[in-house]
file final_15.cif (mmCIF, C-alpha atoms)
data_data
loop_
_atom_site.label_atom_id
_atom_site.label_comp_id
_atom_site.auth_asym_id
_atom_site.auth_seq_id
_atom_site.Cartn_x
_atom_site.Cartn_y
_atom_site.Cartn_z
CA ARG A 5 19.60 -12.29 -26.85
CA ALA A 6 15.93 -12.70 -26.01
CA ARG A 7 16.06 -16.43 -26.64
CA PHE A 8 18.43 -16.84 -23.70
CA ASP A 9 16.50 -14.23 -21.64
CA ARG A 10 19.31 -11.69 -21.63
CA PRO A 11 18.28 -8.54 -19.73
CA GLN A 12 20.09 -6.32 -22.26
CA ALA A 13 17.34 -6.98 -24.82
CA SER A 14 14.38 -6.13 -22.57
CA LEU A 15 14.30 -2.37 -23.10
CA ASP A 16 14.64 -2.75 -26.87
CA PHE A 17 11.75 -5.20 -26.95
CA TRP A 18 9.52 -2.99 -24.78
CA ARG A 19 10.15 -0.04 -27.12
CA LEU A 20 9.51 -2.18 -30.19
CA LEU A 21 6.18 -3.46 -28.90
CA TYR A 22 5.23 0.03 -27.75
CA VAL A 23 5.83 1.56 -31.19
CA LEU A 24 4.04 -1.25 -33.04
CA LEU A 25 0.97 -1.32 -30.79
CA LYS A 26 0.73 2.47 -30.80
CA GLN A 27 0.55 2.43 -34.58
CA ILE A 28 -2.13 -0.25 -34.56
CA HIS A 29 -4.28 1.69 -32.10
CA GLY A 30 -3.77 4.96 -33.96
CA GLY A 31 -1.99 6.75 -31.12
CA ARG A 32 0.93 9.15 -31.13
CA TRP A 33 4.26 8.23 -29.66
CA THR A 34 7.62 9.86 -29.12
CA GLU A 35 11.03 8.60 -28.14
CA SER A 36 10.88 10.68 -24.97
CA ASP A 37 8.00 8.70 -23.44
CA ALA A 38 8.91 7.26 -20.06
CA ILE A 39 9.72 3.58 -20.02
CA ASP A 40 7.17 2.84 -17.29
CA THR A 41 4.47 4.49 -19.41
CA GLN A 42 5.49 2.39 -22.39
CA ILE A 43 5.43 -0.81 -20.34
CA ARG A 44 1.99 -0.08 -18.89
CA PHE A 45 0.61 0.61 -22.35
CA VAL A 46 2.10 -2.59 -23.81
CA LYS A 47 0.71 -4.72 -20.97
CA SER A 48 -2.72 -3.12 -21.32
CA ALA A 49 -2.79 -3.53 -25.10
CA LEU A 50 -1.72 -7.17 -24.89
CA TRP A 51 -4.37 -7.84 -22.27
CA TYR A 52 -6.95 -6.13 -24.48
CA HIS A 53 -6.05 -8.37 -27.43
CA GLY A 54 -6.33 -11.50 -25.29
CA TYR A 55 -2.73 -12.21 -24.26
CA ASP A 56 -3.19 -12.95 -20.55
CA ARG A 57 0.02 -14.84 -19.76
CA PRO A 58 0.74 -13.99 -16.09
CA GLN A 59 4.51 -14.22 -16.51
CA LEU A 60 4.48 -11.22 -18.84
CA HIS A 61 2.19 -9.06 -16.71
CA GLN A 62 4.38 -9.73 -13.66
CA LEU A 63 7.49 -8.32 -15.32
CA PRO A 64 9.07 -5.34 -13.52
CA ALA A 65 8.01 -1.85 -14.56
CA ASP A 66 11.59 -0.68 -15.12
CA GLY A 67 12.15 -3.08 -18.05
CA SER A 68 15.15 -4.77 -16.47
CA ALA A 69 14.12 -8.36 -17.25
CA GLY A 70 11.81 -10.58 -19.28
CA SER A 71 13.17 -10.38 -22.82
CA ARG A 72 12.13 -13.96 -23.59
CA GLU A 73 8.56 -13.32 -22.44
CA LEU A 74 8.49 -10.30 -24.72
CA LEU A 75 9.74 -12.45 -27.59
CA LEU A 76 6.81 -14.81 -27.01
CA ALA A 77 4.37 -11.88 -26.94
CA PHE A 78 5.83 -10.48 -30.16
CA SER A 79 5.49 -13.86 -31.89
CA TRP A 80 1.92 -14.17 -30.62
CA LEU A 81 1.08 -10.78 -32.16
CA LEU A 82 2.57 -11.87 -35.47
CA HIS A 83 0.50 -15.04 -35.58
CA ARG A 84 -2.77 -14.00 -33.92
CA LEU A 85 -3.33 -10.42 -35.04
CA GLY A 86 -1.50 -10.33 -38.37
CA LEU A 87 0.68 -7.54 -37.04
CA LEU A 88 2.61 -6.80 -40.21
CA GLU A 89 -0.50 -6.89 -42.39
CA GLN A 90 -2.23 -4.37 -40.16
CA LEU A 91 0.78 -2.06 -40.23
CA LEU A 92 0.95 -2.21 -44.01
CA ALA A 93 -2.76 -1.45 -44.29
CA ARG A 94 -2.53 1.55 -41.94
CA ASN A 95 0.60 2.99 -43.56
CA ARG A 96 -0.69 2.55 -47.11
CA VAL A 97 -0.47 5.63 -49.34
CA LYS A 98 -4.02 6.46 -50.37
CA THR A 99 -4.16 8.10 -53.78
CA GLY A 100 -7.88 7.51 -54.30
CA ASP A 101 -10.97 8.85 -52.59
CA GLU A 102 -12.03 6.27 -50.05
CA THR A 103 -14.79 5.94 -47.52
CA SER A 104 -15.54 3.47 -44.78
CA VAL A 105 -18.45 1.11 -45.41
CA CYS A 106 -19.87 -1.25 -42.81
CA THR A 107 -23.05 -3.27 -43.19
CA CYS A 108 -22.26 -5.71 -40.38
CA GLU A 109 -24.84 -6.25 -37.70
CA ASP A 110 -23.96 -4.85 -34.29
CA ASP A 111 -24.84 -7.10 -31.38
CA LEU A 112 -25.08 -4.07 -29.08
CA PRO A 113 -23.52 -5.76 -26.03
CA ASN A 114 -24.00 -2.65 -23.88
CA ARG A 115 -27.74 -2.50 -24.43
CA GLN A 116 -28.55 -4.16 -21.12
CA GLU A 117 -25.72 -2.44 -19.26
CA GLY A 118 -27.80 0.52 -18.14
CA ALA A 119 -30.57 -1.70 -16.81
CA THR A 120 -28.21 -3.96 -14.90
CA GLU A 121 -26.09 -1.20 -13.37
CA ALA A 122 -28.93 1.10 -12.36
CA GLY A 123 -29.59 -0.76 -9.12
CA PRO A 124 -28.83 0.28 -5.55
CA GLU A 125 -25.11 -0.19 -6.22
CA GLY A 126 -25.11 2.69 -8.68
CA GLY A 127 -23.91 5.16 -6.04
CA LEU A 128 -23.64 8.73 -7.19
CA GLU A 129 -24.09 7.72 -10.81
CA GLY A 130 -27.72 6.79 -10.08
CA ARG A 131 -28.49 10.31 -8.80
CA VAL A 132 -27.46 12.35 -11.82
CA ASP A 133 -29.78 15.25 -12.58
CA VAL A 134 -31.98 14.44 -15.56
CA ARG A 135 -31.58 18.00 -16.85
CA TYR A 136 -27.84 17.45 -17.16
CA LEU A 137 -28.51 14.29 -19.16
CA GLN A 138 -30.90 16.21 -21.40
CA TRP A 139 -28.24 18.87 -21.95
CA LEU A 140 -25.66 16.22 -22.86
CA ASN A 141 -28.14 14.60 -25.24
CA GLY A 142 -28.84 17.91 -26.95
CA ARG A 143 -25.16 18.69 -27.26
CA LEU A 144 -24.50 15.27 -28.75
CA ARG A 145 -27.34 15.67 -31.25
CA PHE A 146 -26.01 19.10 -32.28
CA GLN A 147 -22.48 17.77 -32.83
CA TRP A 148 -23.86 14.81 -34.75
CA ARG A 149 -25.85 17.09 -37.04
CA SER A 150 -22.81 19.30 -37.60
CA LEU A 151 -20.71 16.28 -38.49
CA HIS A 152 -23.41 15.00 -40.83
CA ALA A 153 -23.62 18.39 -42.57
CA GLN A 154 -19.85 18.49 -43.04
CA HIS A 155 -19.89 14.98 -44.45
CA GLN A 156 -22.63 15.91 -46.89
CA GLU A 157 -20.63 18.95 -48.03
CA GLN A 158 -17.57 16.74 -48.53
CA CYS A 159 -19.62 14.33 -50.64
CA LYS A 160 -20.88 17.19 -52.82
CA LEU A 161 -17.35 18.44 -53.44
CA LEU A 162 -16.12 14.93 -54.24
CA HIS A 163 -18.97 14.49 -56.70
CA LYS A 164 -18.06 17.75 -58.45
CA ILE A 165 -14.41 16.70 -58.78
CA HIS A 166 -15.34 13.26 -60.11
CA LEU A 167 -17.89 14.71 -62.51
CA PHE A 168 -15.66 17.47 -63.92
CA THR A 169 -12.70 15.10 -64.42
CA SER A 170 -14.77 12.29 -65.92
CA GLY A 171 -13.12 10.72 -68.93
CA SER A 172 -9.67 12.13 -68.15
CA HIS A 173 -8.16 9.15 -66.38
CA MET A 174 -6.13 6.53 -68.23
CA ASP A 175 -7.81 3.73 -66.26
CA GLN A 176 -11.14 3.09 -67.97
CA ILE A 177 -12.55 1.55 -64.79
CA LEU A 178 -11.99 4.72 -62.76
CA ARG A 179 -12.34 7.26 -65.61
CA HIS A 180 -11.93 10.24 -63.25
CA PHE A 181 -9.35 11.82 -60.97
CA SER A 182 -9.32 11.68 -57.21
CA VAL A 183 -8.69 14.63 -54.91
CA THR A 184 -5.01 13.72 -54.58
CA GLU A 185 -4.57 13.38 -58.32
CA THR A 186 -6.39 16.66 -58.95
CA ASP A 187 -4.17 18.42 -56.43
CA LEU A 188 -1.07 17.03 -58.14
CA ILE A 189 -2.25 18.48 -61.44
CA ARG A 190 -2.77 21.90 -59.86
CA GLN A 191 0.43 21.76 -57.76
CA PRO A 192 3.02 19.59 -59.53
CA GLU A 193 5.65 20.42 -56.89
CA ASN A 194 3.87 18.03 -54.49
CA TYR A 195 4.62 15.17 -56.85
CA LYS A 196 8.08 14.65 -55.34
CA GLN A 197 6.66 14.20 -51.87
CA LEU A 198 4.11 11.66 -53.11
CA LEU A 199 6.83 9.86 -55.04
CA GLN A 200 8.90 9.55 -51.86
CA LEU A 201 5.93 8.11 -49.99
CA LEU A 202 5.28 5.59 -52.75
CA GLU A 203 8.94 4.56 -52.80
CA SER A 204 8.87 4.07 -49.04
CA GLU A 205 5.75 1.94 -49.32
CA THR A 206 7.37 -0.10 -52.08
CA MET A 207 10.35 -0.79 -49.83
CA GLN A 208 8.02 -1.91 -47.06
CA LEU A 209 6.19 -4.26 -49.43
CA GLU A 210 9.47 -5.71 -50.64
CA ALA A 211 10.57 -6.27 -47.06
CA PHE A 212 7.24 -7.93 -46.31
CA LEU A 213 7.64 -10.29 -49.28
CA GLU A 214 11.12 -11.20 -48.08
CA TRP A 215 9.72 -11.85 -44.60
CA LYS A 216 7.01 -14.15 -45.99
CA GLN A 217 9.70 -16.25 -47.63
CA LEU A 218 11.68 -16.55 -44.40
CA GLU A 219 8.69 -16.84 -42.07
CA PRO A 220 8.78 -20.69 -41.83
CA VAL A 221 12.39 -20.46 -40.65
CA TYR A 222 11.35 -18.03 -37.91
CA TRP A 223 8.64 -20.32 -36.57
CA GLN A 224 10.99 -23.28 -36.57
CA TRP A 225 13.40 -21.17 -34.55
CA MET A 226 10.59 -20.24 -32.14
CA GLU A 227 9.95 -23.93 -31.54
CA THR A 228 13.50 -24.25 -30.24
CA VAL A 229 12.82 -21.28 -27.93
CA LEU A 230 9.77 -23.04 -26.53
CA ASP A 231 11.80 -26.22 -26.08
CA ASN A 232 14.38 -24.29 -24.06
CA MET A 233 11.66 -22.81 -21.89
CA ALA A 234 10.11 -26.23 -21.35
CA GLU A 235 13.46 -27.59 -20.22
CA GLU A 236 13.86 -24.77 -17.72
CA GLY A 237 10.31 -25.18 -16.46
CA ASN A 238 9.20 -21.66 -17.30
CA ILE A 239 6.44 -22.74 -19.65
CA CYS A 240 4.32 -24.15 -16.81
CA GLU A 241 1.97 -22.19 -14.63
CA SER A 242 3.43 -20.48 -11.57
CA GLN A 243 3.69 -22.68 -8.51
CA ASP A 244 2.34 -19.94 -6.31
CA ALA A 245 -1.35 -20.67 -5.76
CA ARG A 246 -2.05 -17.01 -5.20
CA VAL A 247 -1.27 -16.21 -8.84
CA GLU A 248 -4.58 -16.63 -10.63
CA ARG A 249 -5.56 -16.10 -14.24
CA ARG A 250 -7.32 -12.83 -13.60
CA ARG A 251 -6.75 -9.19 -14.37
CA LEU A 252 -3.78 -7.63 -12.71
CA PRO A 253 -3.85 -4.42 -10.65
CA GLU A 254 -1.28 -2.61 -12.77
CA VAL A 255 -3.18 -3.45 -15.95
CA THR A 256 -6.57 -2.34 -14.68
CA SER A 257 -5.08 0.77 -13.12
CA CYS A 258 -4.00 2.09 -16.49
CA CYS A 259 -6.98 0.56 -18.35
CA PRO A 260 -10.28 1.36 -16.58
CA TRP A 261 -12.18 -0.51 -19.30
CA ALA A 262 -10.41 -3.82 -18.60
CA ASP A 263 -12.32 -4.35 -15.35
CA LYS A 264 -15.63 -3.49 -16.97
CA LEU A 265 -14.96 -5.77 -19.96
CA THR A 266 -14.89 -8.91 -17.81
CA GLY A 267 -18.05 -7.84 -16.02
CA GLN A 268 -19.83 -7.29 -19.32
CA MET A 269 -18.83 -10.74 -20.52
CA ASP A 270 -20.15 -12.33 -17.31
CA ARG A 271 -23.42 -10.44 -17.57
CA LEU A 272 -23.73 -11.41 -21.22
CA CYS A 273 -23.32 -15.11 -20.37
CA ARG A 274 -25.96 -14.87 -17.65
CA ASP A 275 -28.32 -13.00 -19.98
CA LEU A 276 -27.89 -15.62 -22.70
CA VAL A 277 -28.69 -18.46 -20.31
CA ALA A 278 -31.73 -16.59 -18.99
CA LEU A 279 -32.94 -15.79 -22.51
CA GLN A 280 -32.57 -19.43 -23.51
CA ASP A 281 -34.70 -20.56 -20.57
CA GLN A 282 -37.30 -17.89 -21.31
CA LEU A 283 -37.38 -18.94 -24.95
CA HIS A 284 -38.08 -22.57 -24.08
CA GLN A 285 -40.84 -21.52 -21.68
CA LEU A 286 -42.32 -19.14 -24.24
CA ILE A 287 -42.36 -21.82 -26.92
CA THR A 288 -44.16 -24.23 -24.59
CA GLN A 289 -46.71 -21.61 -23.60
CA ARG A 290 -47.32 -20.51 -27.19
CA LYS A 291 -47.85 -24.09 -28.34
CA ALA A 292 -50.35 -24.72 -25.56
CA ALA A 293 -52.19 -21.46 -26.28
CA TRP A 294 -52.22 -22.24 -29.99
CA TRP A 295 -53.83 -25.63 -29.54
CA GLU A 296 -56.38 -24.11 -27.17
CA LYS A 297 -57.30 -21.50 -29.77
CA VAL A 298 -57.54 -24.13 -32.48
CA ALA A 299 -59.84 -26.25 -30.34
CA ALA A 300 -62.00 -23.25 -29.40
CA ARG A 301 -62.39 -22.06 -32.99
CA GLU A 302 -63.36 -25.33 -34.61
CA GLU A 303 -66.88 -24.04 -35.04
CA LEU A 304 -65.68 -21.16 -37.23
CA GLN A 305 -66.37 -21.35 -40.90
CA LYS A 306 -63.69 -22.60 -43.19
CA GLU A 307 -63.26 -19.25 -44.97
CA GLY A 308 -62.89 -17.23 -41.81
CA PHE A 309 -60.45 -19.68 -40.31
CA SER A 310 -58.37 -19.64 -43.49
CA ALA A 311 -58.21 -15.82 -43.47
CA ALA A 312 -57.09 -15.81 -39.84
CA ALA A 313 -54.52 -18.48 -40.59
CA ARG A 314 -53.16 -16.43 -43.49
CA LYS A 315 -52.76 -13.37 -41.27
CA ILE A 316 -50.97 -15.40 -38.65
CA GLN A 317 -48.75 -16.97 -41.29
CA GLU A 318 -47.85 -13.54 -42.70
CA SER A 319 -46.95 -12.20 -39.25
CA VAL A 320 -44.83 -15.29 -38.58
CA GLU A 321 -43.03 -14.84 -41.91
CA VAL A 322 -42.24 -11.21 -41.05
CA LYS A 323 -40.78 -12.25 -37.72
CA LEU A 324 -38.83 -15.07 -39.34
CA ARG A 325 -37.34 -12.64 -41.86
CA GLY A 326 -36.15 -10.51 -38.99
CA LEU A 327 -34.60 -13.53 -37.29
CA THR A 328 -33.03 -14.66 -40.56
CA SER A 329 -31.41 -11.26 -41.04
CA ILE A 330 -29.96 -11.46 -37.54
CA HIS A 331 -28.57 -14.99 -37.87
CA ALA A 332 -27.63 -14.80 -41.55
CA PRO A 333 -24.04 -15.67 -42.47
CA LYS A 334 -21.67 -12.73 -42.58
CA GLU A 335 -19.87 -13.61 -45.82
CA ASN A 336 -21.72 -11.00 -47.88
CA LYS A 337 -21.38 -8.23 -45.33
CA THR A 338 -19.15 -5.33 -46.27
CA HIS A 339 -16.66 -3.94 -43.82
CA GLY A 340 -13.66 -1.69 -44.39
CA SER A 341 -12.64 1.11 -46.71
CA CYS A 342 -13.79 1.28 -50.32
CA ARG A 343 -12.71 3.59 -53.11
CA LEU A 344 -15.33 5.99 -54.43
CA VAL A 345 -15.82 5.60 -58.18
CA LEU A 346 -18.44 7.61 -60.05
CA ARG A 347 -20.65 5.54 -62.35
CA ASN A 348 -23.04 6.80 -65.00
CA LYS A 349 -26.64 5.67 -64.87
CA HIS A 350 -26.28 4.24 -68.37
CA PRO A 351 -23.68 1.46 -68.59
CA ALA A 352 -22.64 2.32 -72.17
CA ARG A 353 -21.53 5.67 -73.55
CA LYS A 354 -20.39 6.99 -76.90
CA THR A 355 -16.72 7.68 -77.31
CA GLY A 356 -15.15 10.25 -79.58
CA PHE A 357 -14.79 7.68 -82.38
CA GLY A 358 -18.42 6.65 -82.30
CA GLN A 359 -17.74 3.39 -80.52
CA SER A 360 -19.74 2.11 -77.60
CA GLN A 361 -17.68 1.53 -74.48
CA VAL A 362 -18.95 -0.50 -71.52
CA SER A 363 -17.30 0.09 -68.17
CA LYS A 364 -16.07 -3.10 -66.63
CA GLU A 365 -16.93 -3.36 -62.98
CA PRO A 366 -14.30 -4.89 -60.71
CA VAL A 367 -15.16 -8.16 -59.06
CA SER A 368 -15.24 -6.73 -55.54
CA ALA A 369 -17.26 -3.62 -56.46
CA VAL A 370 -19.95 -2.51 -54.04
CA SER A 371 -22.80 -0.40 -55.33
CA ALA A 372 -23.88 2.57 -53.24
CA THR A 373 -27.52 1.64 -53.93
CA GLU A 374 -27.00 -1.79 -52.36
CA VAL A 375 -25.34 -0.27 -49.30
CA ILE A 376 -28.16 2.27 -48.91
CA ARG A 377 -30.77 -0.49 -49.21
CA GLU A 378 -28.96 -2.59 -46.61
CA LEU A 379 -28.69 0.34 -44.22
CA GLN A 380 -32.38 1.17 -44.69
CA MET A 381 -33.33 -2.38 -43.79
CA ARG A 382 -31.12 -2.18 -40.74
CA GLU A 383 -32.66 1.16 -39.78
CA ALA A 384 -36.15 -0.35 -40.00
CA SER A 385 -35.06 -3.26 -37.81
CA LEU A 386 -33.59 -0.92 -35.20
CA GLN A 387 -36.73 1.21 -35.32
CA ARG A 388 -38.88 -1.84 -34.58
CA GLU A 389 -36.59 -2.74 -31.71
CA LEU A 390 -36.84 0.82 -30.39
CA GLU A 391 -40.63 0.71 -30.45
CA GLN A 392 -40.56 -2.61 -28.63
CA LEU A 393 -38.30 -1.19 -25.93
CA ARG A 394 -40.52 1.87 -25.59
CA GLU A 395 -43.56 -0.33 -25.13
CA GLU A 396 -41.74 -2.32 -22.47
CA CYS A 397 -40.83 0.93 -20.69
CA ARG A 398 -44.46 2.08 -20.81
CA GLN A 399 -45.62 -1.19 -19.30
CA ARG A 400 -43.00 -0.95 -16.61
CA LEU A 401 -44.02 2.62 -15.80
CA ASP A 402 -47.66 1.55 -15.61
CA GLU A 403 -46.74 -1.19 -13.14
CA ILE A 404 -44.83 1.30 -11.00
CA ALA A 405 -47.67 3.82 -11.18
CA GLU A 406 -50.18 1.24 -9.95
CA GLY A 407 -48.19 0.85 -6.75
CA LEU A 408 -48.28 4.59 -5.96
CA GLU A 409 -51.32 5.60 -3.94
CA GLY A 410 -52.76 9.07 -4.20
CA MET A 411 -50.85 9.95 -7.36
CA ILE A 412 -51.96 10.34 -10.94
CA CYS A 413 -49.34 9.62 -13.62
CA ILE A 414 -49.92 11.01 -17.11
CA SER A 415 -47.73 9.44 -19.76
CA PRO A 416 -45.98 11.92 -22.12
#

call {"tool": "encode", "arguments": {"input": "final_15.cif", "output": "structure tokens"}}
result
Amino acid sequence: RARFDRPQASLDFWRLLYVLLKQIHGGRWTESDAIDTQIRFVKSALWYHGYDRPQLHQLPADGSAGSRELLLAFSWLLHRLGLLEQLLARNRVKTGDETSVCTCEDDLPNRQEGATEAGPEGGLEGRVDVRYLQWLNGRLRFQWRSLHAQHQEQCKLLHKIHLFTSGSHMDQILRHFSVTETDLIRQPENYKQLLQLLESETMQLEAFLEWKQLEPVYWQWMETVLDNMAEEGNICESQDARVERRRLPEVTSCCPWADKLTGQMDRLCRDLVALQDQLHQLITQRKAAWWEKVAAREELQKEGFSAAARKIQESVEVKLRGLTSIHAPKENKTHGSCRLVLRNKHPARKTGFGQSQVSKEPVSAVSATEVIRELQMREASLQRELEQLREECRQRLDEIAEGLEGMICISP
């Protein structure tokens, strides 16, 4: 029906996309949600993921037309986002104790946002009382400490469960029970519910395997859909010159962050160009200053010059290590959920029969010590960046204070 743009299939497709995208974004949905609310959410989510085809965003809000455009959007989600894989990962039955681990470097795109938006165009936002900001900061710190304390308590309880059940699991790699498995031992009546969930997941996996076998047929069929659209002339851009490839009012009205996202990207491009120009100028200036210093210090003794050169070389190596950590390839970075498995400090242990058993680590195992070391290095890097920003703020405050006559500024 959607291939021939039948209006009877539009509402079904809107509901399908609404349910799928709601699951991906972790939101709740009900069958009683209004159709206009569902359509606004689907358009916003597609725009967020990069699907900016104007023909879809111009569809009516009552869902009376546009089934073929929705078919294209659905196929785009299948190919671009791995829609089915994400749904399987989110609906997976977790029987083990897992935690989220992320050692990826954040680019912090909003770092310059406060400095760029704090100009005269800030309006009322630029006149917020600093005491209110201090109160918000204190409240955030208190909630963060409470969350950290709860997480530490959870880790202690998990460690007790893993330690007390060590050696009881049939799998010699795990060797201990998880919280779910321990609860099943204490309350066997919950086993039926878990069995139903596992059977449902097995059915989903079987359906996914069947889909992977038929997927080439689907994409061949989609090529015929595109051919039909090309024959009708709907694949081209709209002939109306007023329709531009920009954000649409109905999308930005329900997504306040969509308007800000484009502005952040524009500011980021401008900042990158400006930083590149400043880098070239700084390199030229440093080279000139370096040769001037070398020429001025030719009369120094050989030992003293060598010591100074070694200090400079060490400082350069430290800075290069920081740059290397920033621009290093991301293949070895860990991101996602990992199962918590307790490991003894000694790799071998004595079994009941006097044999020595060595636990075999899985190939994709991640040691907590390695993650802690990586996070400590990242913390040190962020701390250096914080000190640099503080120094820049002090210099800026000193420049402002010099322009104030009759006032004495004492730094905190």

call {"tool": "closest_residue", "arguments": {"input": "final_15.cif", "among": "A:Asn95, A:Ser172, A:Ser319, A:Thr266", "to": "Gly54 (chain A)", "atoms": "all atoms listed in the file"}}
result
A:Thr266

call {"tool": "resolve_selection", "arguments": {"input": "final_15.cif", "expression": "the PyMOL selection byres ((chain A and resi 21) around 10)", "output": "list of chain:residue names"}}
result
A:Asp16, A:Phe17, A:Trp18, A:Arg19, A:Leu20, A:Tyr22, A:Val23, A:Leu24, A:Leu25, A:Lys26, A:Gln27, A:Gln42, A:Ile43, A:Phe45, A:Val46, A:Lys47, A:Ala49, A:Leu50, A:Leu74, A:Leu75, A:Ala77, A:Phe78, A:Leu81

call {"tool": "closest_residue", "arguments": {"input": "final_15.cif", "among": "A:Leu76, A:Leu162, A:Ala313, A:Ile287", "to": "Trp225 (chain A)", "atoms": "all atoms listed in the file"}}
result
A:Leu76

call {"tool": "atom_distance", "arguments": {"input": "final_15.cif", "atom1": "CA of Glu89 (chain A)", "atom2": "CA of Glu205 (chain A)"}}
result
12.8 Å

call {"tool": "residues_around", "arguments": {"input": "final_15.cif", "residues": "region 195-198 of chain A", "least_positions_apart": "3", "cutoff": "12 Å", "atoms": "all atoms listed in the file", "output": "NGL selection string"}}
result
:A and (96-99 or 184-192 or 201-205)

call {"tool": "closest_residue", "arguments": {"input": "final_15.cif", "among": "A:Cys159, A:Ile404, A:Cys273, A:Leu324", "to": "Thr103 (chain A)", "atoms": "all atoms listed in the file"}}
result
A:Cys159

call {"tool": "closest_residue", "arguments": {"input": "final_15.cif", "among": "A:Leu63, A:Leu82, A:Ala299, A:Ala384", "to": "Trp215 (chain A)", "atoms": "all atoms listed in the file"}}
result
A:Leu82

call {"tool": "atom_distance", "arguments": {"input": "final_15.cif", "atom1": "CA of Asn348 (chain A)", "atom2": "CA of Glu374 (chain A)"}}
result
15.8 Å

call {"tool": "build_atoms", "arguments": {"input": "final_15.cif", "residues": "region 386-391 of chain A", "atoms": "all heavy atoms", "output": "JSON list (two decimals), in the coordinates of the input"}}
result
[["chain", "number", "residue", "atom", "x", "y", "z"],
["A", 386, "LEU", "N", -33.88, -1.63, -36.45],
["A", 386, "LEU", "CA", -33.59, -0.92, -35.20],
["A", 386, "LEU", "C", -34.79, -0.09, -34.74],
["A", 386, "LEU", "O", -35.02, 0.05, -33.54],
["A", 386, "LEU", "CB", -32.37, -0.02, -35.39],
["A", 386, "LEU", "CG", -31.03, -0.74, -35.61],
["A", 386, "LEU", "CD1", -29.92, 0.28, -35.87],
["A", 386, "LEU", "CD2", -30.67, -1.59, -34.40],
["A", 387, "GLN", "N", -35.54, 0.44, -35.69],
["A", 387, "GLN", "CA", -36.73, 1.21, -35.32],
["A", 387, "GLN", "C", -37.77, 0.31, -34.67],
["A", 387, "GLN", "O", -38.42, 0.70, -33.68],
["A", 387, "GLN", "CB", -37.31, 1.89, -36.57],
["A", 387, "GLN", "CG", -38.41, 2.90, -36.28],
["A", 387, "GLN", "CD", -37.90, 4.12, -35.54],
["A", 387, "GLN", "OE1", -36.74, 4.48, -35.68],
["A", 387, "GLN", "NE2", -38.76, 4.75, -34.76],
["A", 388, "ARG", "N", -37.95, -0.91, -35.22],
["A", 388, "ARG", "CA", -38.88, -1.84, -34.58],
["A", 388, "ARG", "C", -38.42, -2.22, -33.18],
["A", 388, "ARG", "O", -39.23, -2.32, -32.25],
["A", 388, "ARG", "CB", -39.03, -3.09, -35.46],
["A", 388, "ARG", "CG", -39.75, -2.87, -36.77],
["A", 388, "ARG", "CD", -40.13, -4.20, -37.41],
["A", 388, "ARG", "NE", -38.95, -4.99, -37.72],
["A", 388, "ARG", "CZ", -38.31, -4.96, -38.88],
["A", 388, "ARG", "NH1", -38.75, -4.15, -39.85],
["A", 388, "ARG", "NH2", -37.26, -5.71, -39.10],
["A", 389, "GLU", "N", -37.11, -2.41, -33.04],
["A", 389, "GLU", "CA", -36.59, -2.74, -31.71],
["A", 389, "GLU", "C", -36.78, -1.59, -30.74],
["A", 389, "GLU", "O", -37.09, -1.79, -29.56],
["A", 389, "GLU", "CB", -35.11, -3.09, -31.83],
["A", 389, "GLU", "CG", -34.49, -3.57, -30.53],
["A", 389, "GLU", "CD", -33.04, -3.97, -30.70],
["A", 389, "GLU", "OE1", -32.53, -3.88, -31.82],
["A", 389, "GLU", "OE2", -32.42, -4.38, -29.70],
["A", 390, "LEU", "N", -36.63, -0.34, -31.24],
["A", 390, "LEU", "CA", -36.84, 0.82, -30.39],
["A", 390, "LEU", "C", -38.29, 0.91, -29.93],
["A", 390, "LEU", "O", -38.57, 1.20, -28.75],
["A", 390, "LEU", "CB", -36.44, 2.09, -31.15],
["A", 390, "LEU", "CG", -36.66, 3.42, -30.42],
["A", 390, "LEU", "CD1", -35.85, 3.48, -29.14],
["A", 390, "LEU", "CD2", -36.32, 4.59, -31.34],
["A", 391, "GLU", "N", -39.22, 0.68, -30.84],
["A", 391, "GLU", "CA", -40.63, 0.71, -30.45],
["A", 391, "GLU", "C", -40.95, -0.38, -29.42],
["A", 391, "GLU", "O", -41.73, -0.16, -28.48],
["A", 391, "GLU", "CB", -41.51, 0.54, -31.70],
["A", 391, "GLU", "CG", -41.41, 1.69, -32.68],
["A", 391, "GLU", "CD", -41.89, 3.01, -32.08],
["A", 391, "GLU", "OE1", -42.76, 2.95, -31.17],
["A", 391, "GLU", "OE2", -41.40, 4.06, -32.50]]
